[in-house]
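Peer 1: The following file, final.cif, comprises mmCIF, C-alpha atoms and all ligand atoms:
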```
data_final
loop_
_atom_site.label_atom_id
_atom_site.label_comp_id
_atom_site.auth_asym_id
_atom_site.auth_seq_id
_atom_site.Cartn_x
_atom_site.Cartn_y
_atom_site.Cartn_z
CA MET A 1 69.37 133.00 120.08
CA ALA A 2 67.48 134.86 117.36
CA THR A 3 70.70 135.28 115.36
CA GLN A 4 71.57 131.62 115.68
CA THR A 5 68.04 130.64 114.68
CA GLY A 6 68.51 132.54 111.41
CA VAL A 7 71.85 130.81 110.84
CA ALA A 8 70.33 127.40 111.61
CA GLN A 9 67.45 127.91 109.18
CA ARG A 10 69.79 128.99 106.36
CA ARG A 11 72.29 126.22 106.91
CA LEU A 12 69.59 123.57 107.25
CA LEU A 13 67.98 124.64 103.98
CA ALA A 14 71.39 124.63 102.27
CA ASN A 15 71.44 120.84 102.77
CA VAL A 16 68.03 120.28 101.15
CA SER A 17 67.69 119.42 97.44
CA PRO A 18 71.43 119.64 96.65
CA ASN A 19 72.36 120.62 93.07
CA ASP A 20 73.62 117.14 92.25
CA GLY A 21 70.55 115.39 93.65
CA LEU A 22 66.82 114.99 93.18
CA ALA A 23 64.47 117.58 94.65
CA GLY A 24 63.37 116.66 98.16
CA SER A 25 66.55 114.79 99.06
CA VAL A 26 68.40 115.94 102.20
CA ILE A 27 72.08 115.35 102.79
CA ALA A 28 72.91 114.44 106.39
CA SER A 29 75.97 116.70 106.03
CA PRO A 30 78.01 118.09 103.10
CA SER A 31 80.95 116.00 104.38
CA ARG A 32 81.99 113.45 101.74
CA HIS A 33 84.74 111.70 103.69
CA ASP A 34 85.76 111.15 107.32
CA PRO A 35 82.86 110.65 107.65
CA ASP A 36 80.98 110.32 104.36
CA TYR A 37 77.55 111.71 105.20
CA TYR A 38 76.62 112.72 101.67
CA TYR A 39 73.46 110.60 101.72
CA HIS A 40 69.76 111.00 102.28
CA TRP A 41 69.26 109.25 105.62
CA VAL A 42 65.61 108.37 106.10
CA ARG A 43 65.65 109.29 109.80
CA ASP A 44 67.57 112.59 109.48
CA ALA A 45 65.53 113.70 106.46
CA ALA A 46 62.19 113.03 108.19
CA LEU A 47 63.25 115.04 111.24
CA VAL A 48 64.59 117.88 109.09
CA MET A 49 61.42 118.01 106.98
CA ASP A 50 59.39 118.11 110.17
CA THR A 51 61.20 121.30 111.20
CA ILE A 52 60.62 122.74 107.72
CA LEU A 53 56.90 122.20 108.32
CA THR A 54 57.19 124.18 111.54
CA MET A 55 59.10 126.92 109.70
CA TYR A 56 56.23 126.92 107.19
CA GLU A 57 53.62 127.23 109.93
CA ARG A 58 55.50 130.04 111.66
CA SER A 59 56.20 132.08 108.54
CA THR A 60 53.86 134.92 107.58
CA ASP A 61 55.51 135.63 104.22
CA VAL A 62 53.51 134.13 101.35
CA ALA A 63 56.47 133.57 99.01
CA GLU A 64 58.56 132.02 101.78
CA LYS A 65 55.70 129.74 102.80
CA ARG A 66 55.30 128.52 99.24
CA HIS A 67 59.02 127.83 99.00
CA LEU A 68 59.05 125.89 102.28
CA ILE A 69 56.01 123.73 101.55
CA GLN A 70 57.48 122.91 98.13
CA HIS A 71 60.46 121.29 99.86
CA VAL A 72 58.14 118.96 101.76
CA LEU A 73 56.10 118.16 98.64
CA ASP A 74 59.40 117.30 96.90
CA PHE A 75 60.32 115.15 99.89
CA ALA A 76 57.04 113.25 99.49
CA ASN A 77 57.93 112.53 95.85
CA PHE A 78 61.46 111.50 96.78
CA THR A 79 59.98 109.19 99.41
CA ARG A 80 57.98 107.46 96.70
CA VAL A 81 61.23 106.94 94.77
CA ASN A 82 62.88 105.49 97.89
CA GLN A 83 59.98 103.15 98.55
CA THR A 84 59.99 101.73 95.02
CA THR A 85 63.76 101.51 94.47
CA GLN A 86 65.55 98.16 94.76
CA THR A 87 67.28 98.03 98.16
CA ILE A 88 68.42 95.44 100.67
CA ALA A 89 66.03 96.22 103.53
CA GLY A 90 63.01 97.44 101.57
CA ILE A 91 60.98 99.99 103.53
CA GLY A 92 63.40 99.58 106.45
CA GLU A 93 66.31 100.77 104.27
CA VAL A 94 68.53 103.31 105.98
CA LYS A 95 70.03 105.71 103.46
CA PHE A 96 69.97 106.60 99.78
CA TYR A 97 72.19 108.45 97.37
CA VAL A 98 70.77 111.87 96.50
CA SER A 99 70.16 110.44 93.00
CA GLY A 100 67.58 108.18 94.63
CA ASP A 101 69.65 105.01 94.25
CA GLY A 102 69.78 102.75 97.28
CA PHE A 103 73.01 102.37 99.25
CA LEU A 104 73.90 98.70 98.81
CA GLY A 105 77.02 98.39 100.97
CA PRO A 106 77.11 96.70 104.38
CA TRP A 107 75.22 98.65 107.07
CA GLY A 108 73.15 98.06 110.18
CA ARG A 109 69.74 97.36 108.67
CA PRO A 110 66.83 97.48 108.87
CA GLN A 111 66.35 100.64 110.93
CA ASN A 112 62.65 100.74 111.68
CA ASP A 113 62.41 104.18 113.26
CA GLY A 114 62.93 105.73 109.80
CA PRO A 115 59.64 104.80 108.11
CA ALA A 116 57.74 105.74 111.30
CA LEU A 117 59.28 109.22 111.44
CA ARG A 118 58.72 109.65 107.71
CA ALA A 119 55.05 108.67 108.02
CA SER A 120 54.46 111.17 110.83
CA THR A 121 56.09 114.00 108.86
CA LEU A 122 54.06 113.20 105.75
CA ILE A 123 50.87 112.99 107.83
CA ARG A 124 51.57 116.51 109.09
CA LEU A 125 51.93 117.61 105.47
CA GLY A 126 48.71 115.77 104.68
CA LYS A 127 46.78 117.65 107.35
CA ILE A 128 47.98 120.97 105.93
CA LEU A 129 46.98 119.95 102.39
CA ARG A 130 43.56 118.66 103.40
CA ALA A 131 42.81 121.78 105.46
CA ALA A 132 43.67 123.86 102.39
CA GLY A 133 41.23 121.85 100.24
CA TYR A 134 43.75 119.68 98.35
CA GLU A 135 42.03 116.41 99.26
CA THR A 136 42.33 114.78 95.83
CA TYR A 137 45.97 115.73 95.48
CA PHE A 138 46.61 114.32 98.93
CA LEU A 139 44.88 111.02 98.20
CA ASN A 140 46.65 110.51 94.88
CA SER A 141 50.12 111.80 95.67
CA ILE A 142 50.83 111.62 99.40
CA TRP A 143 48.57 109.03 100.99
CA PRO A 144 50.10 106.06 99.08
CA ALA A 145 53.54 106.88 100.54
CA ILE A 146 52.13 107.21 104.05
CA ARG A 147 50.14 104.00 103.73
CA THR A 148 53.22 102.08 102.57
CA ASP A 149 55.18 103.20 105.65
CA LEU A 150 52.26 102.49 108.00
CA GLU A 151 51.75 99.00 106.57
CA TYR A 152 55.44 98.32 107.16
CA VAL A 153 55.53 99.72 110.69
CA SER A 154 52.32 98.02 111.78
CA HIS A 155 53.55 94.61 110.57
CA GLU A 156 57.22 94.89 111.49
CA TRP A 157 57.40 96.66 114.86
CA LYS A 158 57.68 93.36 116.79
CA ASN A 159 60.84 92.36 114.93
CA PRO A 160 64.29 93.49 116.05
CA SER A 161 65.88 96.33 114.09
CA PHE A 162 68.95 98.54 114.39
CA ASP A 163 68.60 101.55 116.69
CA LEU A 164 68.82 105.19 115.69
CA TRP A 165 72.60 105.14 116.36
CA GLU A 166 72.84 102.29 113.84
CA GLU A 167 74.77 100.09 116.21
CA ILE A 168 72.63 97.59 118.03
CA LYS A 169 69.95 95.26 116.77
CA GLY A 170 67.16 94.59 119.21
CA ASP A 171 64.12 96.39 120.70
CA HIS A 172 64.54 100.10 121.40
CA PHE A 173 62.55 102.54 123.47
CA TYR A 174 63.17 105.30 120.90
CA THR A 175 62.07 103.20 117.94
CA ARG A 176 58.95 101.92 119.71
CA LEU A 177 57.93 105.45 120.76
CA VAL A 178 58.15 106.85 117.23
CA GLN A 179 56.41 103.76 115.85
CA ARG A 180 53.58 104.19 118.33
CA ARG A 181 53.28 107.85 117.35
CA ALA A 182 53.20 107.04 113.63
CA LEU A 183 50.45 104.45 114.12
CA LEU A 184 48.34 106.83 116.25
CA ASP A 185 48.85 109.65 113.72
CA GLY A 186 48.03 107.15 110.99
CA ALA A 187 44.86 105.90 112.72
CA GLU A 188 43.57 109.49 112.85
CA ILE A 189 44.20 110.37 109.24
CA ALA A 190 43.04 106.96 107.96
CA LEU A 191 39.73 107.57 109.70
CA ALA A 192 39.53 111.07 108.24
CA VAL A 193 39.94 109.77 104.68
CA GLY A 194 37.39 106.99 105.21
CA ASP A 195 39.84 104.08 105.56
CA SER A 196 38.23 102.99 108.82
CA GLY A 197 39.29 99.34 108.79
CA PHE A 198 42.91 100.39 108.38
CA SER A 199 42.44 102.96 111.14
CA VAL A 200 41.28 100.30 113.62
CA TRP A 201 44.20 98.03 112.69
CA LEU A 202 46.72 100.84 113.26
CA LYS A 203 45.19 101.81 116.60
CA THR A 204 45.26 98.18 117.73
CA GLN A 205 48.94 97.84 116.89
CA ALA A 206 49.74 101.13 118.65
CA VAL A 207 48.10 99.80 121.81
CA LEU A 208 50.14 96.58 121.52
CA ILE A 209 53.35 98.61 121.17
CA GLU A 210 52.45 100.59 124.24
CA ALA A 211 52.10 97.38 126.24
CA THR A 212 55.77 96.55 125.51
CA LEU A 213 57.14 99.87 126.82
CA PRO A 214 57.02 99.19 130.59
CA ALA A 215 59.59 96.42 130.04
CA HIS A 216 62.12 99.23 129.43
CA ILE A 217 61.79 100.50 133.00
CA SER A 218 64.71 99.32 135.02
CA GLU A 219 64.46 98.92 138.82
CA PRO A 220 65.45 99.82 141.49
CA ALA A 221 66.92 102.93 139.82
CA HIS A 222 63.56 103.53 138.14
CA THR A 223 65.13 104.71 134.88
CA ILE A 224 64.49 103.85 131.25
CA PHE A 225 66.72 101.18 129.72
CA GLU A 226 67.01 102.06 126.04
CA ASN A 227 67.96 98.79 124.29
CA LEU A 228 66.50 95.37 125.12
CA HIS A 229 66.80 91.86 123.61
CA ARG A 230 70.02 92.51 121.68
CA VAL A 231 70.51 90.06 118.83
CA ASP A 232 73.37 91.77 116.97
CA GLY A 233 75.63 94.80 116.98
CA VAL A 234 77.73 96.37 119.73
CA TRP A 235 77.88 94.51 123.01
CA TYR A 236 79.46 97.09 125.31
CA LYS A 237 76.38 99.18 126.13
CA ASN A 238 75.50 98.15 129.64
CA SER A 239 74.20 101.14 131.60
CA GLY A 240 71.02 101.29 129.50
CA LEU A 241 71.21 105.08 129.79
CA ASP A 242 70.98 106.78 126.42
CA ALA A 243 70.05 110.23 125.13
CA ALA A 244 67.89 108.38 122.61
CA THR A 245 65.32 108.07 125.39
CA VAL A 246 64.99 111.86 125.64
CA LEU A 247 64.98 112.22 121.86
CA GLY A 248 62.16 109.70 121.70
CA LEU A 249 60.01 111.76 124.07
CA LEU A 250 60.80 114.95 122.11
CA HIS A 251 60.01 113.34 118.77
CA THR A 252 56.60 112.16 119.96
CA LYS A 253 55.37 115.35 121.68
CA SER A 254 52.10 115.27 119.75
CA GLN A 255 51.26 111.76 121.03
CA PRO A 256 52.84 111.79 124.49
CA TYR A 257 53.49 108.53 126.29
CA LEU A 258 55.10 109.90 129.48
CA GLY A 259 54.90 113.41 130.93
CA TRP A 260 58.03 115.57 131.16
CA ALA A 261 57.78 115.55 134.94
CA ASP A 262 57.16 111.81 135.25
CA LYS A 263 59.51 110.32 137.84
CA VAL A 264 61.00 107.79 135.45
CA VAL A 265 61.72 110.54 132.91
CA VAL A 266 63.28 112.90 135.44
CA ASN A 267 65.41 110.05 136.83
CA SER A 268 66.62 108.98 133.40
CA VAL A 269 67.46 112.51 132.30
CA SER A 270 69.41 113.29 135.44
CA ALA A 271 71.20 109.92 135.74
CA LEU A 272 72.57 110.31 132.22
CA GLU A 273 73.50 113.95 132.82
CA ARG A 274 75.54 112.98 135.89
CA ARG A 275 77.41 110.35 133.89
CA PHE A 276 78.40 112.83 131.20
CA ALA A 277 79.30 115.55 133.73
CA ALA A 278 81.96 113.24 135.14
CA LEU A 279 82.99 111.63 131.84
CA TYR A 280 84.00 114.54 129.60
CA GLN A 281 86.93 116.81 130.35
CA ILE A 282 85.14 119.85 128.91
CA ASN A 283 82.41 119.39 131.52
CA LEU A 284 84.97 119.21 134.30
CA ASN A 285 86.71 122.31 132.90
CA SER A 286 83.63 124.51 132.75
CA PRO A 287 80.97 123.21 135.14
CA GLN A 288 79.24 126.61 135.14
CA LEU A 289 77.97 125.85 131.64
CA GLY A 290 75.35 123.18 131.05
CA THR A 291 76.70 119.64 130.72
CA ALA A 292 77.78 118.67 127.22
CA ILE A 293 75.69 115.56 126.44
CA GLY A 294 76.77 112.60 124.31
CA ARG A 295 74.77 109.70 122.88
CA TYR A 296 75.40 107.22 125.73
CA PRO A 297 78.25 106.79 128.21
CA GLU A 298 79.89 103.73 126.59
CA ASP A 299 79.98 105.33 123.11
CA ARG A 300 83.16 104.69 121.07
CA TYR A 301 82.27 106.38 117.77
CA TYR A 302 85.03 108.96 117.13
CA GLY A 303 86.23 108.21 120.63
CA GLY A 304 82.86 108.91 122.26
CA ASN A 305 82.11 112.63 122.39
CA PRO A 306 79.35 115.04 123.23
CA TRP A 307 77.03 115.85 120.33
CA PHE A 308 75.22 119.09 119.55
CA LEU A 309 71.89 117.42 118.88
CA THR A 310 71.83 115.58 122.20
CA THR A 311 72.98 118.64 124.19
CA LEU A 312 70.26 120.67 122.48
CA ALA A 313 67.76 117.92 123.23
CA TYR A 314 68.54 118.47 126.92
CA ALA A 315 67.87 122.20 126.47
CA GLU A 316 64.60 121.41 124.76
CA TYR A 317 63.58 118.95 127.46
CA HIS A 318 64.03 121.58 130.19
CA TYR A 319 62.11 124.13 128.13
CA GLU A 320 59.23 121.68 127.78
CA LEU A 321 59.28 121.07 131.50
CA ALA A 322 59.31 124.86 132.09
CA HIS A 323 56.23 125.15 129.89
CA GLU A 324 54.44 122.41 131.78
CA TYR A 325 55.19 123.97 135.18
CA ALA A 326 54.09 127.39 133.93
CA GLU A 327 50.79 125.94 132.79
CA LEU A 328 50.30 124.45 136.25
CA GLY A 329 50.99 127.86 137.79
CA LYS A 330 54.24 126.65 139.35
CA LEU A 331 56.20 129.74 138.34
CA ALA A 332 59.30 129.28 140.47
CA GLU A 333 59.81 125.79 139.07
CA ALA A 334 59.10 127.04 135.56
CA LYS A 335 61.74 129.76 135.83
CA ALA A 336 64.28 127.32 137.21
CA GLU A 337 63.74 124.95 134.28
CA LEU A 338 64.01 127.79 131.77
CA ALA A 339 67.34 128.78 133.32
CA LEU A 340 68.51 125.17 133.17
CA GLY A 341 67.65 124.96 129.50
CA ASP A 342 69.61 128.17 128.93
CA ARG A 343 72.71 126.62 130.49
CA TYR A 344 72.73 123.92 127.78
CA VAL A 345 72.40 126.64 125.17
CA GLU A 346 75.40 128.42 126.75
CA ARG A 347 77.33 125.17 126.44
CA VAL A 348 76.49 124.95 122.77
CA ARG A 349 77.42 128.61 122.27
CA ARG A 350 80.86 127.90 123.76
CA HIS A 351 81.63 125.26 121.15
CA VAL A 352 79.99 126.42 117.90
CA ASP A 353 82.00 128.16 115.25
CA GLN A 354 82.12 131.99 115.20
CA ASN A 355 79.73 131.99 112.25
CA GLY A 356 77.25 129.70 113.98
CA SER A 357 78.16 126.57 112.05
CA MET A 358 77.61 123.29 113.93
CA ALA A 359 79.19 119.94 113.25
CA GLU A 360 77.98 116.62 114.67
CA GLN A 361 80.23 116.43 117.70
CA MET A 362 82.58 118.39 119.96
CA TRP A 363 85.79 116.82 121.13
CA ARG A 364 85.41 115.67 124.72
CA ASP A 365 88.84 116.97 125.81
CA ASN A 366 88.93 120.47 124.30
CA GLY A 367 85.47 121.13 122.85
CA TYR A 368 86.65 121.65 119.26
CA MET A 369 84.06 120.56 116.73
CA MET A 370 84.63 117.23 115.05
CA SER A 371 83.10 114.62 112.74
CA ALA A 372 80.55 115.72 110.10
CA ALA A 373 80.55 119.50 109.50
CA ASP A 374 77.23 121.34 109.17
CA LEU A 375 75.22 118.32 110.26
CA THR A 376 71.67 119.06 109.12
CA TRP A 377 70.17 117.41 112.19
CA SER A 378 72.26 119.68 114.48
CA TYR A 379 70.47 122.69 112.98
CA ALA A 380 67.06 121.01 113.25
CA SER A 381 67.72 120.36 116.93
CA TRP A 382 68.73 123.99 117.46
CA LEU A 383 65.44 125.10 115.93
CA THR A 384 63.18 122.80 117.93
CA ALA A 385 64.97 123.84 121.15
CA ALA A 386 64.68 127.55 120.34
CA TRP A 387 60.98 127.21 119.52
CA ALA A 388 60.34 125.30 122.75
CA ARG A 389 62.07 128.11 124.65
CA GLU A 390 59.92 130.72 122.98
CA ASN A 391 56.81 128.72 123.76
CA ALA A 392 57.69 128.46 127.44
CA ALA A 393 58.97 132.03 127.87
CA GLN A 394 55.73 133.39 126.42
CA ILE A 395 53.69 132.16 129.36
CA ILE A 396 56.25 132.87 132.12
CA PRO A 397 55.79 136.43 133.42
C1 LIG A 401 78.37 104.70 111.62
C2 LIG A 401 77.12 105.14 112.32
O1 LIG A 401 76.56 106.19 111.61
C3 LIG A 401 77.39 105.54 113.75
O2 LIG A 401 76.21 105.87 114.39
C4 LIG A 401 78.05 104.40 114.44
O3 LIG A 401 78.37 104.77 115.76
C5 LIG A 401 79.30 103.95 113.70
N1 LIG A 401 78.99 103.64 112.33
C6 LIG A 401 79.97 102.78 114.37
O4 LIG A 401 79.16 101.64 114.28
C1 LIG A 402 75.15 108.71 112.77
C2 LIG A 402 74.05 108.78 113.76
O1 LIG A 402 74.31 107.85 114.81
C3 LIG A 402 72.72 108.49 113.13
O2 LIG A 402 71.70 108.67 114.06
C4 LIG A 402 72.50 109.40 111.94
O3 LIG A 402 71.30 109.04 111.29
C5 LIG A 402 73.65 109.35 110.96
N1 LIG A 402 74.91 109.55 111.66
C6 LIG A 402 73.52 110.41 109.87
O4 LIG A 402 73.51 111.69 110.44
#
```
Before anything else, please render the file you have as structure tokens.
Ligand code: NOJ
Ligand code: NOJ
Peer 2:
Amino acid sequence: MATQTGVAQRRLLANVSPNDGLAGSVIASPSRHDPDYYYHWVRDAALVMDTILTMYERSTDVAEKRHLIQHVLDFANFTRVNQTTQTIAGIGEVKFYVSGDGFLGPWGRPQNDGPALRASTLIRLGKILRAAGYETYFLNSIWPAIRTDLEYVSHEWKNPSFDLWEEIKGDHFYTRLVQRRALLDGAEIALAVGDSGFSVWLKTQAVLIEATLPAHISEPAHTIFENLHRVDGVWYKNSGLDAATVLGLLHTKSQPYLGWADKVVVNSVSALERRFAALYQINLNSPQLGTAIGRYPEDRYYGGNPWFLTTLAYAEYHYELAHEYAELGKLAEAKAELALGDRYVERVRRHVDQNGSMAEQMWRDNGYMMSAADLTWSYASWLTAAWARENAAQIIP
């Protein structure tokens, strides 16, 4: 795992600030056709920059730390460009050319998880800057970008938007969770910088978002139903089961809504796992490995395949659960969860390239990698899973 973590960090950073783009832009993948992912996606970039902040916090090398934080400062500047560039969906715009120009072709827009994720990442940067005494720099250069995203999220969250898979317009558990997190993060930092009226407004909206979440619980199965109130987009998603639900919990760890061991979470995670275990040939061929996990069972994109980032999200989920059990002194349960997480990592190991390179997907019939090569988000998801494992293993004797 340590070797792969080094590979993931290098390959992730290789997709940041490309030579033909502005500093702080992140390509979703170097792939320029079939599929063309040579864009700065707001969602992917925010998640990638969040892992760069963790790399920064974990590093003890002064020069490396400076290099890493510079990427996030560049990202803050690029965000300002994105927010002020002419686009179709404004702050809810989905993706930009690395030059900073907006993508003006047809697309599922707006996607309202993006500005929420971006705000939370920039707030993390803001906390680092303020703690280091750069208050004025923060207020002048970073806070305006954060405030713009928070204004948008706090006024728009009620309206339908396209989900993180860019396919269905409606209300989404994932989107609402990251919006709630952004508003809670925002309420804290607004208070800290003396913007107390704004802080109260953000907190109020976060509480209102939270009140809409129980509607996503589907009975009698007692599982989370990801997409509600569809107004546009694909119509063939009917199970409601979606790895987006797990991703939402993982992307809001700092402002948790449900515990890892909550019945509705455990049910949702396992119901979806059972669907994929039966659905993909590679799972039937090698059941001793962890189940390769896709986006959702009815997926048709590239034929509907398992993805690295969702399979790694399952590893990370079990590592988080291991950590929670260990903290409660339930060591047998903790060890079992750690071993479960490791099985998903073994699955990923089976399908990555010899050199550790990870695409977006693995073909459901034979496990060969497919779709976008070197997907930046795949590497970010490797890193967050590996760090969660380390965190859990540390407290399990
Ligand atoms: C491209 C999107 O990126 C992907 O998520 C989606 O599944 C396909 N379009 C099909 O709508
Ligand atoms: C398609 C995925 O569905 C979406 O979540 C992602 O943002 C884009 N690809 C870019 O990686």
Peer 1: Within 9 Å of ligand LIG 401 (chain A), counting only C-alpha atoms and all ligand atoms, which protein or nucleic acid residues do you find, written as a count of residues only?
Peer 2: 16
Peer 1: Skip Glu93 of chain A itself and residues of its chain fewer than 2 positions away, then list as a ChimeraX atom specification all residues within 12 Å of it, counting all atoms listed in the file.
Peer 2: /A:40-43,79,82-91,95-97,101-115,149,152,161-162,166
Peer 1: Mind dumping the selected residues with C-alpha atoms as an mmCIF file, in the frame of the given file?
Peer 2:
```cif
data_model
loop_
_atom_site.group_PDB
_atom_site.id
_atom_site.type_symbol
_atom_site.label_atom_id
_atom_site.label_comp_id
_atom_site.auth_asym_id
_atom_site.auth_seq_id
_atom_site.Cartn_x
_atom_site.Cartn_y
_atom_site.Cartn_z
ATOM 1 C CA HIS A 40 69.760 111.000 102.280
ATOM 2 C CA TRP A 41 69.260 109.250 105.620
ATOM 3 C CA VAL A 42 65.610 108.370 106.100
ATOM 4 C CA ARG A 43 65.650 109.290 109.800
ATOM 5 C CA THR A 79 59.980 109.190 99.410
ATOM 6 C CA ASN A 82 62.880 105.490 97.890
ATOM 7 C CA GLN A 83 59.980 103.150 98.550
ATOM 8 C CA THR A 84 59.990 101.730 95.020
ATOM 9 C CA THR A 85 63.760 101.510 94.470
ATOM 10 C CA GLN A 86 65.550 98.160 94.760
ATOM 11 C CA THR A 87 67.280 98.030 98.160
ATOM 12 C CA ILE A 88 68.420 95.440 100.670
ATOM 13 C CA ALA A 89 66.030 96.220 103.530
ATOM 14 C CA GLY A 90 63.010 97.440 101.570
ATOM 15 C CA ILE A 91 60.980 99.990 103.530
ATOM 16 C CA LYS A 95 70.030 105.710 103.460
ATOM 17 C CA PHE A 96 69.970 106.600 99.780
ATOM 18 C CA TYR A 97 72.190 108.450 97.370
ATOM 19 C CA ASP A 101 69.650 105.010 94.250
ATOM 20 C CA GLY A 102 69.780 102.750 97.280
ATOM 21 C CA PHE A 103 73.010 102.370 99.250
ATOM 22 C CA LEU A 104 73.900 98.700 98.810
ATOM 23 C CA GLY A 105 77.020 98.390 100.970
ATOM 24 C CA PRO A 106 77.110 96.700 104.380
ATOM 25 C CA TRP A 107 75.220 98.650 107.070
ATOM 26 C CA GLY A 108 73.150 98.060 110.180
ATOM 27 C CA ARG A 109 69.740 97.360 108.670
ATOM 28 C CA PRO A 110 66.830 97.480 108.870
ATOM 29 C CA GLN A 111 66.350 100.640 110.930
ATOM 30 C CA ASN A 112 62.650 100.740 111.680
ATOM 31 C CA ASP A 113 62.410 104.180 113.260
ATOM 32 C CA GLY A 114 62.930 105.730 109.800
ATOM 33 C CA PRO A 115 59.640 104.800 108.110
ATOM 34 C CA ASP A 149 55.180 103.200 105.650
ATOM 35 C CA TYR A 152 55.440 98.320 107.160
ATOM 36 C CA SER A 161 65.880 96.330 114.090
ATOM 37 C CA PHE A 162 68.950 98.540 114.390
ATOM 38 C CA GLU A 166 72.840 102.290 113.840
#
```
Peer 1: Report the distance between atom C6 of ligand LIG 402 (chain A) and atom CA of Gly170 of chain A in Å, rounded to one decimal place.
Peer 2: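 For atom C6 of ligand LIG 402 (chain A) relative to atom CA of Gly170 of chain A, the distance reads 19.4 Å.
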Peer 1: Might you pull out every residue within 10 Å of Thr5 of chain A, with all atoms listed in the file counted and same-chain residues fewer than 3 positions away left off, and present them as a short mmCIF file (atom, residue, chain, number, x, y, z; two decimals) with C-alpha atoms, keeping the file's coordinate frame?
Peer 2:
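The resulting around32.cif:
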```cif
data_model
loop_
_atom_site.label_atom_id
_atom_site.label_comp_id
_atom_site.auth_asym_id
_atom_site.auth_seq_id
_atom_site.Cartn_x
_atom_site.Cartn_y
_atom_site.Cartn_z
CA MET A 1 69.37 133.00 120.08
CA ALA A 2 67.48 134.86 117.36
CA ALA A 8 70.33 127.40 111.61
CA GLN A 9 67.45 127.91 109.18
CA ARG A 10 69.79 128.99 106.36
CA ARG A 11 72.29 126.22 106.91
CA GLY A 356 77.25 129.70 113.98
CA TYR A 379 70.47 122.69 112.98
CA ALA A 380 67.06 121.01 113.25
CA TRP A 382 68.73 123.99 117.46
CA LEU A 383 65.44 125.10 115.93
CA THR A 384 63.18 122.80 117.93
CA ALA A 385 64.97 123.84 121.15
CA ALA A 386 64.68 127.55 120.34
CA TRP A 387 60.98 127.21 119.52
#
```
Peer 1: Could you tell me which of A:Ser268, A:Thr175, A:Thr54, A:Ser357 comes closest to ligand LIG 402 (chain A) if we count all atoms listed in the file?
Peer 2: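 Among the listed residues, the smallest separation from ligand LIG 402 (chain A) belongs to A:Thr175.
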Peer 1: Atom CA of Trp363 of chain A to atom CA of Ala313 of chain A: how many Å, to one decimal?
Peer 2: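 So the answer is 18.2 Å.
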Peer 1: Hey, which of A:Val48, A:Ile293, A:Met370, A:Leu328 ends up closest to Leu117 of chain A? Count all atoms listed in the file.
Peer 2: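 Residue with the minimum atom-to-atom distance to Leu117 of chain A: A:Val48.
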Peer 1: Counting only C-alpha atoms and all ligand atoms, figure out which residue out of A:Asn366, A:Ala46, A:Ile128, A:Gln288 gets nearest to ligand LIG 402 (chain A).
Peer 2: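 Closest to ligand LIG 402 (chain A) of all the choices is A:Ala46.
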Peer 1: Using all atoms listed in the file, which of A:Ser29, A:Ser154, A:Gln70, A:Ser381 sits nearest ligand LIG 402 (chain A)?
Peer 2: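 Nearest candidate to ligand LIG 402 (chain A) out of A:Ser29, A:Ser154, A:Gln70, A:Ser381: A:Ser29.
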Peer 1: Could you please determine the separation between atom CA of Val178 of chain A and atom CA of Glu226 of chain A in Å, to one decimal place?
Peer 2: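 Calculated distance between atom CA of Val178 of chain A and atom CA of Glu226 of chain A is 13.4 Å.
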Peer 1: Between A:Pro160, A:Gly6, A:Gly21, A:Pro297, single out the one closest to Tyr38 of chain A, counting only C-alpha atoms.
Peer 2: A:Gly21
Peer 1: A:Ala116, A:Ala393, A:Leu375, A:Ile123: which is nearest Arg32 of chain A, counting all atoms listed in the file?
Peer 2: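 Among the listed residues, the smallest separation from Arg32 of chain A belongs to A:Leu375.
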Peer 1: Excluding Ala336 of chain A and any residue of its chain fewer than 6 positions from it, enumerate the residues within 10 Å of it, using only C-alpha atoms, and give them as a list in words.
Peer 2: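 The neighbour list is His318, Tyr319, Leu321, Ala322, Tyr325 and Asp342 of chain A.
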Peer 1: Using the selection just defined, write its residues with C-alpha atoms as an mmCIF file, in the frame of the given file.
Peer 2:
```
data_model
loop_
_atom_site.group_PDB
_atom_site.id
_atom_site.type_symbol
_atom_site.label_atom_id
_atom_site.label_comp_id
_atom_site.auth_asym_id
_atom_site.auth_seq_id
_atom_site.Cartn_x
_atom_site.Cartn_y
_atom_site.Cartn_z
ATOM 1 C CA HIS A 318 64.030 121.580 130.190
ATOM 2 C CA TYR A 319 62.110 124.130 128.130
ATOM 3 C CA LEU A 321 59.280 121.070 131.500
ATOM 4 C CA ALA A 322 59.310 124.860 132.090
ATOM 5 C CA TYR A 325 55.190 123.970 135.180
ATOM 6 C CA ASP A 342 69.610 128.170 128.930
#
```
Peer 1: Kindly provide, as a list in words, the polymer residues lying within 6 Å of (54.2, 105.7, 113.0), counting only C-alpha atoms and using the coordinates exactly as they appear in the file.
Peer 2: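 With a cut-off of 6 Å, the residues come to Ala116, Ala119, Ser120, Val178, Gln179, Arg180, Arg181, Ala182 and Leu183 of chain A.
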